[in-house]
Each structure stands twice: as structure tokens, then as C-alpha cells.
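Input: a single structure, listed below in C-alpha cells.
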Amino acid sequence: MHILNRWFKHWSLLPAVLLFLLLTIYPMANLVRMSVSTITFAGGAAHWAWTPLANLQLLTNDAVLGAAALNTAIFVVVSVAIEMALGLALALLVARLSRGKGLARTVMVLPILVPAVAIGSMWKLMYNYDFGVFNQALTAIGFGPVNWLGSTSVALLAVILVDIWHWTPFVFLILFAAVEGVPTDVIEAARIDGATPRQITWRIIIPLLKPALAVALIFRSILAFKTFDEVFLLTSGGPGTSTELVSLHLYKVFFEQNQLGYGAMLSLAIIIAIVAFLLVSRRALTLRAMA
Amino acid sequence: MQTMKRLLAATAILAASVVAGIPVQAQQPFAAVGAQPPITILVNSSPWYAGFEKAVELYEKQTGNKVKLDVTPYGGMLEKARNAVRGARSPYDLINLDTQWTIEFYEGGFLSPLKDVDAAFDLPKEVLSYGDSGYWNADKRWRTPQGGKLMAWPPNGNVLLYVYREDLLKAAGIAPPKTWEDVLASCAKLQDPGKMYGMVMRGERGNGIRFDWMYFMLGKGATVVRDPAAGDYTVTINSPQARAALDLYLDVAKRCGPPNAGALGQGDLIQLISTGKAAQGMVVSAAWSNFDDANKSAVVGKIAAVAVPQPAGGKPAALLGNWNMAIPKNIPDAQKQAAIAFSRWFLTSGAQRVYAEAGAIPVREDTFRSDLAQNPKFRWMPAYLEMQKYATQELGYAEGAQVEQILGLRLNQALIGELSSGKALNLAAKEIEELFKKSGRRTGALPPLPE
């Protein structure tokens, strides 16, 4: 009976293992296989040719990839840093409200609920050089219009601004829940010991929020690495390569140019970059916690 | 009511033809196609979709056959079409393909040649050729009726029209421009930054700038590759003529357009013209309906159209951006027959008239030459027909999409001042040559331009 129970325990995992293999391992294995192949279509069927180095060569010779990688790094660092700071400030501010906390929280999260296409259209209209609300406001107060989406020096910033508007509420939600979860007796004790509100925030609440901050940072960084819709809808990577991000470049390679093998190689490179980033962040956070 | 009258008229003509013994095929405005199983068509939501929908409604009413339309935004069309033909059975019986995508589908062997479905099917002689993009010669890997098979028919053919504010030009004493130098001269009078742009055209990275610039390129006699139809893929995009074309394009964009010329797409042009912020513009013919729609336009009745200007001393040029309706290979024969039946009906003069009246661009020359052209609503028709005389297909090879990406980027970089015209074209030439080498084409390059 005991042996039967032990066997059953193992076999009962089989459906989950099969599902895992089907949904995760198979697509990944297929992606790896694609990345070392050249795929063409003829006679109504796909033909795979084993060309392990061809796609790697394309990766190293890709004229746009360098700019896309640099833009992505800038995009991730700037947008995530500002979103973390803003999200934390808003979470602390809303947590202090004695009334209307629920309403404030609901209003704060609205941008995450707006579909990406609506966000793209809305901001594209607001950024419009001739008719957009930003330039009309700037003109009204005596400044000249800004070429938001048509200038290489401003376009990436304009896209980052939309990302900040879109995703700060996500950081806010995670941190707000964490702030609400901070034990009140600790804060009370600090207050009795004479700590100022500033000291309570910096020396008690924020250190207690570290696990939540780490989660928000990692989640936002992963999502920022994969940003596609905002940049696709606002600029399609232009002008020039000033807003080209790796995910957008991948889309163009895969879907517009129909280079399936090279697209798979590029996907793998992006996955490796994200995993490396995660490992480095985790290590940095662990070392910091130990220190 | 109008449709009913038309139906009665059609029936009367058909009956009279039969009685008089005249060959029915030559006379009837609508084709009799008999009872067919229901079909599904993958079609793009576009400015001409309303016309297509109206024609389909009439087809259903006349024939009793059912047509389901999967109306998809442009951005989703290619993937839906790819998924349909690469699967075991296509959910669509007719798929609409942008001319640039056709080669991938022809070469991949995903489509049924139309004469294999019905040996009697042919494009009526009145249907505009659109650079023969519906034919595929597999041996030459080229779209041509010479040795090629008919793979698709055109439901829509776009060229760019040169539209202008008739009232403004008249008031300024400017005649509709014939050359780009005329355009530059008109801009000197009309350009008033912030209030009025002299002339607008697409400059955004990608298809937009590539397509619009090619009017200048062809006008100057330049080409991307030497003779792709004959298999000579020597890259010629960095020729002195191409550079002159790019310099002229940049001059017009900077002296006539807004400061954000490098980010202008089709939607921006339509917006600028229909709000009265641009005096002239180069827009796709399908956009015309926007200008005369009082709900969308502040310049109703004020816009006129002529053929796109040519460079002084150059030649008239036009580039085609048509659609192609094709039958997937992976559907049952009965569905293919039903798809052919609809195709035959759609290309008749009666259907094309209904299509045009509902705001679409017909594909039959006789529709353009009919009394419709006298109607002020269709005052763009003569310019369109004029441009068809010299309209051509470009990038008609398997690497076309990649060449477009290269040109779309390098031209845009020249427009925004990141690269000189010589450097932009040299870079494009080098990248395109690499691409052709990789594909095993017979290729080569011109000496680089001074940068």
C-alpha cells in the first residue's frame, strides 16, 4: 500500500509534466531549432535547411541591432528608474490619506486598464506637431512647438514619457499593497521614540519595502525590455533608428521581412539578455541584503 | 431603390441580348454565376472597404450566394493570410494581398493559379493591368504574363495623386504644377510655417518614404537594381540620378513641408490637407473620399487632383500600390469554384460601377471613362487614369520587403539630417548588395557616390 502510494505520488505529476513539456519545452526547443536553420517556403510547404552559422553571422552584421540595443538599454534604465521613484512616492502619499484612499487607488490604476492601441492613438494625437494639445499649450504660453515624434533627440524621450504614464500605476499597486502591509506597531514605536515622519519613511518604511521594491523592479524591467506596442504605434522606430527597440526590430525581422531563422536567433539573444539581467539583478540584491 | 432599378436594367439588357442573338458575355453588366456554396474573404479595412462591402451586398442579392467578410486592419492582414495558407485548410476562400506580399505567396506555392481552377477564367480586357502583379512566372521568379500564370486579380489599385487646393492656387495665381520645380516655386508663395504648408508628402521611416521617394527616383530615370526581370540584380540605387532624385525630394520636403517631415505618414497628410493646413500634397488615391466628406474635411469641394509632377527634364512616373485577390491552394475544389464565381462577377462593369459609386476605386478602364468621370465627386478620375499610363511595380522580387526596410531607413536618415544623400544611398546600396549575395542572385554594385 505504501509503495503504491509512493508510485501514485510520482505518476500524478505526469499530466502537469506533459503540459509543461508541451507548452514550454517544445516551443523553446523549436525556437532553438529555428535559430540554427534557414526556413523557406516552396510548393506550399516549409523547408528547413541546417545553417548553424548563417543566422549568427546575420546577428553580428545587423546594422540596426546595435542602435536598437542601445535604445532599449536607455529605455529600460530611464523609464524603470522614474517609474520606481514615482510609484513609490505615490504609494507613500496615498497610504497617508485618511479618506478617499480607495478612490485614489482606483484613479491611479486607470492607465494600466487602457488598451495599448488606445494609448498609442491618444498620445499620438497629443504629440501631434500641428494639432496636439502639448504644442498648443506650449504655443499659448509663448514657447515654440516641439517636434515630439519627429526629432531624433526628443522622440525616445516622448516614448519613455508614455511608458511612465502607462506603467507607474503598476509599480504603485505593488508598493501600495506593501506599504499597507507595514506593521503599524513598528511605526508607532518609532513615533513614540521621537522619530520624525521623514525618518519613519526613510529608515523604517522603505527598508521594509525592499522585497516589494525588488519584485516591482524585476517585473518592470522585464516588461520594459519587451516593450513593443507603445513604440510601434507612436513612431515605428523612427525617425531614423532613434526609437528602435529590440522587440520592434524583432517584429520587423520576423513578420515584415519573413526571416524566420534569423528572427529566432534574435529572440534567443533577447531571452539570454533578459535572463542575464535577471541573474545580475538578483545577485546584486542578494549582496546588498547581505551587506 | 437605385439598386433595384439597376437590376431591372441589367435583366432587360440580358434579355434583349439573348433575343437579338448577341453574345451575352460581351454585353451583360453582371456575370451570371449560378448557385455557389458560401465563401469567406479576407479583406482589409481601408478607405475603399465601404465600396467593396456594397458590391458584396449586391452580389448576395443578385445571386443568392453568401459571402462572409473577415475585415482586418492592414497590420493584421499579412499574418492572417500567412496562417491561412500555411495551415491544413484555409479558413478563407479568397485572400487579399498587398502587391508587395504577393511574391512570398506565389513563390511559396500557396495559391491556386486561377486558370487551374477554371480554364475559362481570364481578366476582362478592360481591367487595368497594374504592372501585371497578378501573374507569376516561376522559372524567371518574376511577375509577368509572359510565361507566367494568372494567380490573382486586382480589387483595388492605388497610385499617388497630386492634390491641391484649387481656391488657394487660383488666388495666388499659380497653375497646377507639372514639375517638382513648379512645386518649389509654388511653395515660395504658399509656405507660411505654422499656418500653411506648401506641399506635404510622406517622410516617415519605412514604406512611406520609400514609396513617395520612388516617384522622384523613377522621374529621374534611376532604378534600385539594373534589370531584375532579366535576372540582373546589380544594385544601382547609388547612381548619380538616384542622388539627384533624393536631393530633389529633400529639397521639396524641407522647403514645402512641416518641420516634422521625417515623421509624416499617410494619416498625417490626410489630416493636414483636410483641415486646410496644407495647400498641396501627394496622397494615395484611396484617401480621396476623406476630402469631400463634410464630417471629416474643412475643404469640401476645394480639392482638385492632377498627375504627380515630374522632375524638370525628367519623365512622368507613378508607382503602383495595388491589392491582389487570390485563391489559397488548401481549400476544397467547390470552394475554389465559388471563389472564381465571385471573382468573375466582381470584375464586370456593373459591379465595378456600384463599387465606384460607393467610394471605392474601380479597376476597369471603362468605368473611369464612363459618365461617372463627369460627376464632380469623381473629379480625381482623369488624374488617376493618366497616371496608369506609366505606373509600374517596384521591388517585385522575393527580397522586396527587406529592400524596403533598408531604403525606408536610409532615406529617412537623409531626410532628418543624420546622413548625407550620398552616404545614405551608398549605405543602402551596400546593404542591398549583401542581401542579394546572400540569396544567390547575380549582383554587383556601382562605385560609391562622393559623401
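Here, A, B, ... name the chains of the C-alpha cells in the order displayed, residue numbers run from 1 inside each chain, and ligands are numbered from 1 in the same displayed order.
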Do you have, as CSV, the list of residues of chain A lying at most 7 Å from chain B, each with its nearest atom pair and that distance in Å to one decimal, counting only C-alpha atoms and ordered by chain then number?
```
residue,atom,partner,partner_atom,distance
A:Phe41,CA,B:Gly108,CA,4.6
A:Ala42,CA,B:Gly108,CA,4.0
A:Gly43,CA,B:Gly109,CA,4.3
A:Gly44,CA,B:Gly109,CA,4.4
A:Asn147,CA,B:Asn260,CA,6.1
A:Leu149,CA,B:Ala263,CA,6.7
A:Gly150,CA,B:Ala263,CA,4.9
A:Gly238,CA,B:Arg205,CA,5.8
A:Pro239,CA,B:Ala263,CA,6.2
A:Gly240,CA,B:Gln413,CA,4.9
A:Glu256,CA,B:Ala401,CA,6.7
A:Gln257,CA,B:Ala401,CA,5.4
```
Within 7 Å of segment 160-171 of chain A using only C-alpha atoms, minus same-chain residues under 6 positions, as a list in words: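 Contacts, in chain order: Phe75, Ser79, Glu83, Met84, Leu86, Gly87, Met108, Val109, Pro111, Ile112 and Ala216 of chain A.
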Just-selected residues, N, CA, C and O atoms written as a short mmCIF file (atom, residue, chain, number, x, y, z; two decimals), in the first residue's frame:
```cif
data_model
loop_
_atom_site.label_atom_id
_atom_site.label_comp_id
_atom_site.auth_asym_id
_atom_site.auth_seq_id
_atom_site.Cartn_x
_atom_site.Cartn_y
_atom_site.Cartn_z
N PHE A 75 16.03 53.05 -22.66
CA PHE A 75 14.59 52.99 -22.37
C PHE A 75 14.34 52.29 -21.03
O PHE A 75 13.59 52.78 -20.19
N SER A 79 13.11 54.68 -17.97
CA SER A 79 11.68 54.53 -17.66
C SER A 79 11.49 53.80 -16.33
O SER A 79 10.70 54.23 -15.49
N GLU A 83 9.73 55.31 -13.05
CA GLU A 83 8.51 54.63 -12.60
C GLU A 83 8.64 54.16 -11.16
O GLU A 83 7.69 54.26 -10.37
N MET A 84 9.81 53.66 -10.79
CA MET A 84 10.03 53.20 -9.41
C MET A 84 9.92 54.37 -8.43
O MET A 84 9.24 54.27 -7.41
N LEU A 86 8.47 57.35 -8.91
CA LEU A 86 7.11 57.90 -8.89
C LEU A 86 6.13 56.95 -8.19
O LEU A 86 5.28 57.38 -7.40
N GLY A 87 6.26 55.66 -8.53
CA GLY A 87 5.36 54.66 -7.94
C GLY A 87 5.50 54.63 -6.42
O GLY A 87 4.49 54.57 -5.69
N MET A 108 -5.64 55.93 -9.79
CA MET A 108 -4.22 55.70 -10.11
C MET A 108 -4.02 54.55 -11.09
O MET A 108 -3.11 54.59 -11.92
N VAL A 109 -4.83 53.51 -10.96
CA VAL A 109 -4.56 52.33 -11.79
C VAL A 109 -5.20 52.42 -13.18
O VAL A 109 -4.98 51.54 -14.02
N PRO A 111 -4.59 54.04 -15.98
CA PRO A 111 -3.76 53.90 -17.19
C PRO A 111 -3.43 52.44 -17.54
O PRO A 111 -3.29 52.12 -18.73
N ILE A 112 -3.31 51.56 -16.55
CA ILE A 112 -2.97 50.16 -16.90
C ILE A 112 -4.15 49.51 -17.61
O ILE A 112 -3.98 48.57 -18.38
N ALA A 216 8.93 44.67 -7.85
CA ALA A 216 8.47 45.68 -8.81
C ALA A 216 9.57 45.98 -9.83
O ALA A 216 9.31 46.08 -11.03
#
```
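Shell of Ala89 of chain A at 10 Å, with only C-alpha atoms counted and residues fewer than 4 places along the chain excluded, is Glu83, Met84, Ala85, Leu93, Val94, Ala95, Phe172, Leu175 and Phe176 of chain A.
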Near-segment 289-300 of chain B list (8 Å; only C-alpha atoms; drop same-chain fewer than 4 positions) as a list in words: Pro47, Ile270, Ile273, Ser274, Thr275, Gly276, Gly359 and Lys377 of chain B
Residues of segment 14-161 of chain B in alpha helix (DSSP H), written as a count of residues only: 49
